[in-house]
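Chemist: Structure supplied as upload-v2.txt; contents: compact mmCIF, C-alpha atoms.
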# COMPACT_ATOMS: atom_id res chain seq x y z
CA MET A 1 47.05 -103.90 -40.13
CA PRO A 2 44.49 -104.51 -37.34
CA VAL A 3 43.22 -101.60 -35.26
CA ILE A 4 42.98 -102.01 -31.47
CA THR A 5 40.29 -100.10 -29.60
CA THR A 6 40.25 -99.54 -25.85
CA THR A 7 37.18 -99.18 -23.66
CA PHE A 8 38.35 -95.66 -22.70
CA GLY A 9 37.96 -94.49 -26.28
CA ARG A 10 41.45 -94.68 -27.77
CA ASN A 11 42.40 -96.70 -30.83
CA PHE A 12 45.69 -97.45 -32.55
CA PRO A 13 47.00 -99.62 -35.41
CA GLN A 14 49.26 -102.60 -34.86
CA ALA A 15 51.90 -103.65 -37.37
CA ASP A 16 52.58 -107.31 -38.14
CA CYS A 17 54.34 -109.11 -35.28
CA GLN A 18 54.13 -106.02 -33.06
CA THR A 19 52.81 -106.54 -29.54
CA ILE A 20 49.71 -104.69 -28.36
CA LEU A 21 51.86 -102.83 -25.81
CA ASP A 22 54.47 -101.71 -28.34
CA ALA A 23 51.79 -100.68 -30.84
CA ALA A 24 50.09 -98.56 -28.19
CA ALA A 25 53.37 -96.88 -27.21
CA GLN A 26 54.19 -96.12 -30.85
CA SER A 27 50.85 -94.32 -31.17
CA GLY A 28 51.26 -92.42 -27.91
CA VAL A 29 48.69 -94.47 -26.01
CA ALA A 30 49.86 -95.25 -22.46
CA LEU A 31 49.02 -98.74 -21.21
CA PRO A 32 50.20 -100.21 -17.89
CA TYR A 33 53.26 -102.47 -17.96
CA SER A 34 56.24 -103.67 -15.97
CA CYS A 35 58.45 -106.68 -16.84
CA LYS A 36 57.62 -106.94 -20.58
CA THR A 37 58.36 -110.68 -20.44
CA GLY A 38 54.92 -112.14 -19.77
CA ARG A 39 55.82 -113.13 -16.21
CA CYS A 40 54.04 -110.45 -14.21
CA SER A 41 50.46 -109.34 -14.73
CA THR A 42 50.81 -105.55 -14.76
CA CYS A 43 49.93 -105.28 -18.46
CA LYS A 44 46.87 -107.51 -18.11
CA CYS A 45 43.92 -106.53 -20.32
CA LYS A 46 40.67 -108.25 -21.26
CA VAL A 47 39.78 -109.01 -24.87
CA LEU A 48 36.13 -108.10 -25.40
CA LYS A 49 36.07 -108.59 -29.17
CA GLY A 50 38.45 -110.03 -31.76
CA GLU A 51 41.28 -112.52 -31.88
CA SER A 52 44.93 -112.44 -30.81
CA HIS A 53 47.76 -114.86 -30.16
CA ALA A 54 50.56 -115.03 -27.61
CA LYS A 55 54.12 -114.69 -28.90
CA SER A 56 55.43 -116.35 -25.73
CA ASP A 57 54.03 -117.94 -22.58
CA GLU A 58 51.77 -115.77 -20.44
CA LEU A 59 53.12 -116.98 -17.11
CA GLY A 60 51.58 -114.03 -15.27
CA LEU A 61 48.02 -115.28 -15.88
CA THR A 62 46.13 -118.05 -14.16
CA ASP A 63 44.18 -120.61 -16.19
CA ALA A 64 40.96 -119.04 -14.93
CA GLU A 65 42.03 -115.60 -16.14
CA LYS A 66 42.95 -116.96 -19.56
CA ALA A 67 39.59 -118.68 -19.83
CA ASP A 68 37.89 -115.40 -18.94
CA GLY A 69 39.56 -113.55 -21.82
CA TRP A 70 42.49 -111.89 -20.05
CA VAL A 71 45.76 -111.50 -21.97
CA LEU A 72 49.12 -109.82 -21.40
CA SER A 73 49.65 -106.96 -23.83
CA CYS A 74 53.45 -107.25 -23.68
CA VAL A 75 53.47 -110.64 -25.42
CA ARG A 76 50.16 -110.55 -27.34
CA THR A 77 49.62 -109.52 -30.94
CA ALA A 78 46.24 -108.92 -32.56
CA THR A 79 45.25 -111.08 -35.53
CA THR A 80 41.95 -109.23 -36.14
CA GLU A 81 40.39 -105.94 -35.09
CA LEU A 82 40.49 -105.98 -31.30
CA THR A 83 38.57 -104.32 -28.46
CA ILE A 84 40.25 -104.47 -25.05
CA GLU A 85 39.39 -103.47 -21.49
CA VAL A 86 42.44 -101.95 -19.82
CA GLU A 87 43.32 -99.27 -17.27
CA ASP A 88 43.15 -95.75 -18.68
CA LEU A 89 46.43 -93.89 -18.17
CA THR A 90 45.54 -91.16 -20.65
CA GLY A 91 45.35 -88.45 -17.99
CA VAL A 92 48.69 -89.35 -16.40
CA ASN A 93 51.60 -87.11 -17.38
CA LEU A 94 54.15 -89.86 -17.99
CA PRO A 95 57.74 -88.58 -18.19
CA LYS A 96 59.51 -89.09 -21.50
CA VAL A 97 61.67 -92.21 -21.77
CA GLN A 98 65.25 -91.23 -22.60
CA THR A 99 68.82 -92.47 -22.43
CA GLN A 100 71.21 -90.52 -20.23
CA PRO A 101 74.81 -90.91 -19.06
CA ALA A 102 75.34 -91.13 -15.31
CA ARG A 103 78.31 -91.49 -13.00
CA ILE A 104 78.46 -93.59 -9.87
CA ALA A 105 78.35 -91.23 -6.89
CA GLY A 106 78.09 -93.76 -4.08
CA LEU A 107 78.45 -97.46 -3.28
CA GLU A 108 77.35 -98.70 0.15
CA LYS A 109 76.67 -102.19 1.46
CA LEU A 110 73.23 -102.29 3.11
CA ALA A 111 73.43 -106.05 3.71
CA SER A 112 75.78 -108.83 2.72
CA ASP A 113 73.93 -109.19 -0.57
CA VAL A 114 72.42 -105.71 -1.06
CA LEU A 115 74.27 -102.67 -2.34
CA ARG A 116 73.03 -99.08 -2.37
CA VAL A 117 74.16 -97.44 -5.60
CA LYS A 118 73.85 -93.71 -6.13
CA LEU A 119 74.00 -92.39 -9.67
CA ARG A 120 74.74 -88.75 -10.46
CA LEU A 121 73.12 -87.30 -13.56
CA PRO A 122 74.72 -84.50 -15.61
CA PRO A 123 73.98 -80.94 -14.35
CA THR A 124 72.11 -80.23 -17.59
CA SER A 125 69.98 -83.37 -17.33
CA ASN A 126 66.23 -82.98 -17.68
CA PHE A 127 65.57 -86.54 -16.52
CA SER A 128 62.32 -86.93 -14.58
CA TYR A 129 60.34 -89.87 -13.25
CA LEU A 130 57.33 -90.77 -11.13
CA PRO A 131 58.14 -92.33 -7.72
CA GLY A 132 57.81 -96.10 -8.11
CA GLN A 133 59.10 -96.28 -11.68
CA TYR A 134 62.28 -98.13 -12.68
CA ILE A 135 65.23 -97.58 -14.99
CA ASP A 136 67.43 -99.85 -17.07
CA VAL A 137 71.12 -99.45 -16.31
CA ILE A 138 73.44 -100.24 -19.21
CA GLY A 139 76.82 -101.28 -17.88
CA PRO A 140 80.12 -102.62 -19.23
CA GLY A 141 79.80 -104.57 -22.46
CA GLY A 142 76.24 -103.34 -22.96
CA VAL A 143 74.80 -105.54 -20.19
CA ARG A 144 71.37 -104.15 -19.32
CA ARG A 145 69.48 -104.67 -16.05
CA SER A 146 66.36 -103.11 -14.51
CA TYR A 147 66.31 -101.42 -11.09
CA SER A 148 63.59 -99.52 -9.28
CA VAL A 149 64.50 -96.00 -8.23
CA ALA A 150 64.61 -95.93 -4.43
CA ASN A 151 64.33 -92.20 -3.82
CA ALA A 152 61.83 -89.51 -4.71
CA PRO A 153 63.02 -86.93 -7.27
CA ALA A 154 65.70 -84.82 -5.59
CA VAL A 155 67.30 -81.44 -6.27
CA ASP A 156 70.77 -83.01 -6.41
CA GLU A 157 69.77 -85.02 -9.52
CA GLN A 158 70.90 -88.29 -7.92
CA LEU A 159 69.17 -91.63 -8.25
CA GLU A 160 69.34 -94.30 -5.53
CA LEU A 161 69.20 -97.99 -6.46
CA HIS A 162 69.10 -101.10 -4.24
CA VAL A 163 71.00 -103.86 -6.01
CA ARG A 164 70.76 -107.46 -4.84
CA ALA A 165 73.61 -109.86 -5.62
CA VAL A 166 72.60 -112.61 -8.06
CA GLU A 167 74.85 -115.66 -8.11
CA GLY A 168 76.62 -115.80 -11.47
CA GLY A 169 75.06 -112.50 -12.54
CA VAL A 170 77.22 -110.45 -14.88
CA MET A 171 75.86 -107.13 -13.67
CA SER A 172 76.03 -108.27 -10.05
CA GLY A 173 79.69 -109.08 -10.59
CA TYR A 174 80.26 -105.55 -11.83
CA TRP A 175 78.40 -103.81 -9.00
CA PHE A 176 79.86 -105.86 -6.14
CA ASP A 177 83.39 -106.53 -7.42
CA ALA A 178 84.41 -103.97 -10.01
CA ALA A 179 82.35 -100.78 -9.79
CA LYS A 180 84.14 -97.62 -8.65
CA ILE A 181 83.11 -94.10 -7.79
CA ASN A 182 82.89 -91.93 -10.94
CA ASP A 183 82.47 -94.91 -13.26
CA LEU A 184 80.36 -93.95 -16.25
CA VAL A 185 77.22 -95.96 -17.06
CA ARG A 186 74.12 -95.24 -19.12
CA LEU A 187 70.53 -95.40 -18.02
CA ASN A 188 67.29 -95.67 -19.96
CA GLY A 189 63.99 -94.67 -18.48
CA PRO A 190 61.83 -94.00 -16.65
CA LEU A 191 59.92 -97.22 -17.26
CA GLY A 192 56.86 -99.01 -15.92
CA SER A 193 53.46 -97.97 -14.59
CA PHE A 194 54.07 -98.71 -10.90
CA PHE A 195 53.25 -95.29 -9.46
CA LEU A 196 50.62 -93.93 -7.12
CA ARG A 197 47.09 -93.26 -8.33
CA PRO A 198 44.72 -90.91 -6.41
CA LEU A 199 44.49 -92.02 -2.76
CA GLN A 200 41.76 -89.86 -1.27
CA GLY A 201 39.38 -91.85 0.94
CA LEU A 202 41.49 -95.03 0.74
CA HIS A 203 43.74 -96.99 3.09
CA LEU A 204 47.12 -97.48 1.40
CA VAL A 205 48.97 -100.77 1.90
CA PHE A 206 52.42 -101.62 0.54
CA LEU A 207 53.53 -105.26 0.30
CA ALA A 208 57.26 -105.74 -0.34
CA THR A 209 59.78 -108.54 -0.31
CA GLY A 210 63.55 -108.11 -0.55
CA THR A 211 64.63 -105.11 -2.59
CA GLY A 212 60.98 -104.56 -3.46
CA ILE A 213 61.17 -101.99 -0.67
CA ALA A 214 63.06 -99.67 -3.07
CA PRO A 215 60.10 -98.24 -5.02
CA VAL A 216 58.05 -98.21 -1.81
CA LYS A 217 60.69 -95.96 -0.23
CA SER A 218 60.50 -93.64 -3.24
CA MET A 219 56.71 -93.38 -3.04
CA LEU A 220 56.73 -92.83 0.73
CA GLU A 221 59.29 -90.02 0.42
CA HIS A 222 57.08 -88.40 -2.19
CA LEU A 223 53.94 -88.77 -0.08
CA ALA A 224 55.66 -87.23 2.95
CA THR A 225 55.94 -83.93 1.06
CA SER A 226 52.58 -84.07 -0.71
CA ALA A 227 49.57 -81.90 0.08
CA ASP A 228 47.06 -83.00 2.70
CA ASP A 229 44.42 -83.50 0.00
CA ASP A 230 46.64 -86.13 -1.65
CA GLN A 231 47.07 -88.23 1.49
CA PRO A 232 45.37 -91.60 2.09
CA LEU A 233 43.38 -92.45 5.21
CA SER A 234 46.26 -94.57 6.51
CA ILE A 235 49.54 -96.10 5.31
CA THR A 236 50.81 -99.56 6.21
CA VAL A 237 53.99 -101.24 4.96
CA TYR A 238 54.46 -105.01 5.22
CA TRP A 239 58.06 -105.83 4.33
CA GLY A 240 59.12 -109.45 4.27
CA GLY A 241 62.37 -111.38 4.27
CA ARG A 242 63.57 -114.82 5.25
CA GLU A 243 65.72 -113.62 8.15
CA ALA A 244 66.10 -110.35 10.07
CA PRO A 245 69.22 -109.15 8.13
CA ASP A 246 67.13 -109.27 4.94
CA LEU A 247 65.25 -106.24 6.25
CA TYR A 248 68.23 -104.00 5.63
CA CYS A 249 66.72 -100.56 6.34
CA ASP A 250 64.02 -99.05 8.53
CA PRO A 251 61.12 -97.43 6.63
CA ALA A 252 59.26 -96.54 9.82
CA ASN A 253 60.17 -92.84 9.75
CA LEU A 254 59.54 -92.14 6.08
CA HIS A 255 56.01 -90.82 6.67
CA PRO A 256 54.30 -89.59 9.86
CA LYS A 257 51.20 -91.73 9.19
CA LEU A 258 53.15 -94.89 8.48
CA ARG A 259 52.60 -98.18 10.31
CA TYR A 260 55.46 -100.58 9.57
CA VAL A 261 55.07 -104.34 9.96
CA PRO A 262 58.27 -106.39 9.41
CA VAL A 263 57.58 -110.01 8.46
CA LEU A 264 59.93 -113.01 8.51
CA SER A 265 59.18 -116.25 6.68
CA ARG A 266 61.63 -118.17 8.87
CA ALA A 267 60.79 -117.86 12.55
CA GLU A 268 63.74 -116.75 14.68
CA GLN A 269 64.31 -116.96 18.40
CA ASN A 270 63.35 -113.72 20.16
CA TRP A 271 61.66 -112.38 17.01
CA GLY A 272 58.71 -110.30 18.14
CA GLY A 273 57.33 -109.41 14.73
CA ALA A 274 54.99 -111.12 12.29
CA CYS A 275 55.89 -114.52 10.83
CA GLY A 276 54.99 -116.04 7.48
CA TYR A 277 54.27 -114.06 4.33
CA VAL A 278 53.39 -110.40 3.87
CA GLN A 279 50.01 -111.06 2.24
CA ASP A 280 48.99 -113.32 5.13
CA ALA A 281 50.20 -110.79 7.70
CA MET A 282 48.02 -108.19 6.01
CA LEU A 283 44.95 -110.44 6.04
CA ASN A 284 45.57 -111.33 9.69
CA ASP A 285 45.15 -107.64 10.52
CA ALA A 286 41.56 -107.74 9.13
CA PRO A 287 41.83 -104.66 6.92
CA ASP A 288 38.85 -102.80 5.46
CA LEU A 289 39.46 -104.23 1.98
CA GLY A 290 36.58 -102.36 0.38
CA ARG A 291 38.40 -99.07 1.04
CA THR A 292 41.97 -100.30 0.54
CA VAL A 293 44.44 -100.01 -2.32
CA VAL A 294 47.49 -102.29 -2.43
CA TYR A 295 50.86 -101.74 -4.10
CA ALA A 296 52.94 -104.93 -4.13
CA CYS A 297 56.56 -105.17 -5.19
CA GLY A 298 58.96 -108.12 -5.01
CA SER A 299 58.96 -111.70 -6.18
CA ASP A 300 56.39 -112.74 -8.76
CA ALA A 301 55.38 -115.63 -6.46
CA MET A 302 54.44 -113.18 -3.70
CA ILE A 303 52.56 -110.94 -6.09
CA HIS A 304 50.51 -113.75 -7.65
CA SER A 305 49.66 -115.15 -4.22
CA ALA A 306 48.81 -111.74 -2.78
CA GLN A 307 46.57 -110.79 -5.68
CA SER A 308 44.69 -114.08 -5.54
CA LYS A 309 44.20 -114.10 -1.77
CA LEU A 310 43.32 -110.44 -1.39
CA THR A 311 40.81 -110.26 -4.22
CA LYS A 312 39.12 -113.43 -2.98
CA ALA A 313 38.90 -111.80 0.46
CA GLY A 314 37.18 -108.70 -0.95
CA LEU A 315 39.83 -106.32 -2.31
CA PRO A 316 38.51 -104.70 -5.53
CA ALA A 317 40.57 -106.13 -8.38
CA GLN A 318 41.29 -102.66 -9.78
CA ASN A 319 42.82 -101.67 -6.42
CA PHE A 320 45.79 -104.03 -6.71
CA TYR A 321 48.93 -102.68 -8.41
CA SER A 322 52.17 -104.60 -8.69
CA ASP A 323 55.72 -104.62 -9.92
CA ALA A 324 57.27 -108.09 -10.09
CA PHE A 325 61.04 -108.44 -9.87
CA VAL A 326 61.98 -110.95 -12.57
CA CYS A 327 65.51 -112.33 -12.33
CA SER A 328 67.69 -111.82 -15.40
CA ALA A 329 69.84 -114.47 -16.93
CA SER A 330 73.44 -114.64 -15.81
CA SER A 331 74.72 -113.77 -19.26
If you convert what's in this file into structure tokens, what do you get?
Modeler:
Amino acid sequence: MPVITTTFGRNFPQADCQTILDAAAQSGVALPYSCKTGRCSTCKCKVLKGESHAKSDELGLTDAEKADGWVLSCVRTATTELTIEVEDLTGVNLPKVQTQPARIAGLEKLASDVLRVKLRLPPTSNFSYLPGQYIDVIGPGGVRRSYSVANAPAVDEQLELHVRAVEGGVMSGYWFDAAKINDLVRLNGPLGSFFLRPLQGLHLVFLATGTGIAPVKSMLEHLATSADDDQPLSITVYWGGREAPDLYCDPANLHPKLRYVPVLSRAEQNWGGACGYVQDAMLNDAPDLGRTVVYACGSDAMIHSAQSKLTKAGLPAQNFYSDAFVCSASS
């Protein structure tokens, strides 16, 4: 049973066929993660010593990153003693992952293909989460899908989700065609490591596409009620869609410091906003990258492009955090 050691001084054993990420969790060591499928790069860590092998394709890594020793802990298993460089989340008070029943408290169309779902937790629930994290909703027949929580923790114990319709999707079919108020579902969470780190002395930039605005909304609501000492120097949100109706809500008033830049990838007549992609719109504004931290949420294509372009332009690699939305199968 190989032992894995981190550069921040923690070590843990790994059972045969167990991933590095699962082994860490079993030993109470918190490592960053998101999709758990090898398609995003949130769980990226660098192997400094030892050998490992990938249980499935590491699509979230570039060839250059692989050559430099980077691996994805969600699909990697150690074959020898291993030393890895990875973000230290030891000091973060991560809420306990649990399974809870919940009832549907609200269903509202935000766009033709986006539904706002509100879930009501039991009065005795002790469910807690960090703004930016996601949950798995377990629906009819045990179908399980992941959704970011779109609101900061609230006294009414309700969770807001933004659900996009997926053609042929079983869970989409339930939400858009069959779900009713007071339906009972189950949720498992909170999950993921997409939450705000200390922001003092930094410019905060959010990049979002589609329903990637959901966790951004949650984090902005939280920041709006946080102490002055916890505030960044500035806050900018770049939210992108193909057409204007894709930008289905207005985040402009979520925080008094917020600068909101809507971005369309398909130019429209009379559109006065930015055109192209959110990462390019950000670079066009000539930000002070040395003092900037970026939180990106949306398609994995946007995230990979944004990370590559921004780090090449001078953003410190450790100042880029992401949560990639990976489409589920239709079954």
Chemist: Counting all atoms listed in the file, find the residues whose atoms lie at most 10 Å from (41.4, -105.1, -35.8) (file coordinates) and write them out as a CSV table (one decimal) with C-alpha atoms, in the frame of the given file.
Modeler:
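selection06.csv was written with the following content:
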chain,number,residue,atom,x,y,z
A,1,MET,CA,47.0,-103.9,-40.1
A,2,PRO,CA,44.5,-104.5,-37.3
A,3,VAL,CA,43.2,-101.6,-35.3
A,4,ILE,CA,43.0,-102.0,-31.5
A,5,THR,CA,40.3,-100.1,-29.6
A,11,ASN,CA,42.4,-96.7,-30.8
A,12,PHE,CA,45.7,-97.4,-32.6
A,13,PRO,CA,47.0,-99.6,-35.4
A,14,GLN,CA,49.3,-102.6,-34.9
A,49,LYS,CA,36.1,-108.6,-29.2
A,50,GLY,CA,38.4,-110.0,-31.8
A,51,GLU,CA,41.3,-112.5,-31.9
A,52,SER,CA,44.9,-112.4,-30.8
A,78,ALA,CA,46.2,-108.9,-32.6
A,79,THR,CA,45.2,-111.1,-35.5
A,80,THR,CA,42.0,-109.2,-36.1
A,81,GLU,CA,40.4,-105.9,-35.1
A,82,LEU,CA,40.5,-106.0,-31.3
A,83,THR,CA,38.6,-104.3,-28.5
Chemist: Mind pulling up the distance from atom CA of A:Phe127 to atom CA of A:Leu207?
Modeler: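 Spanning atom CA of A:Leu207 to atom CA of A:Phe127 is a straight-line distance of 27.9 Å.
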Chemist: Leaving out A:Tyr295 and any residue of its chain fewer than 6 positions from it, which residues lie within 6 Å of it when counting all atoms listed in the file, given as a PyMOL selection string?
Modeler: chain A and resi 206+321-322
Chemist: So which one's closest to A:His162, A:Gln200, A:Ser128, A:Asn284, A:Ser218? Using all atoms listed in the file, please.
Modeler: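 Closest residue, counting all atoms listed in the file: A:Ser218.
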Chemist: Please check which residues have atoms at most 9 Å from (50.0, -91.3, -11.9) in the file's coordinates, counting all atoms listed in the file, and write them as a list in words.
Modeler: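 These residues have at least one counted atom within 9 Å: Leu89, Gly91, Val92, Asn93, Leu94, Leu130, Ser193, Phe194, Phe195, Leu196, Arg197 and Pro198 of chain A.
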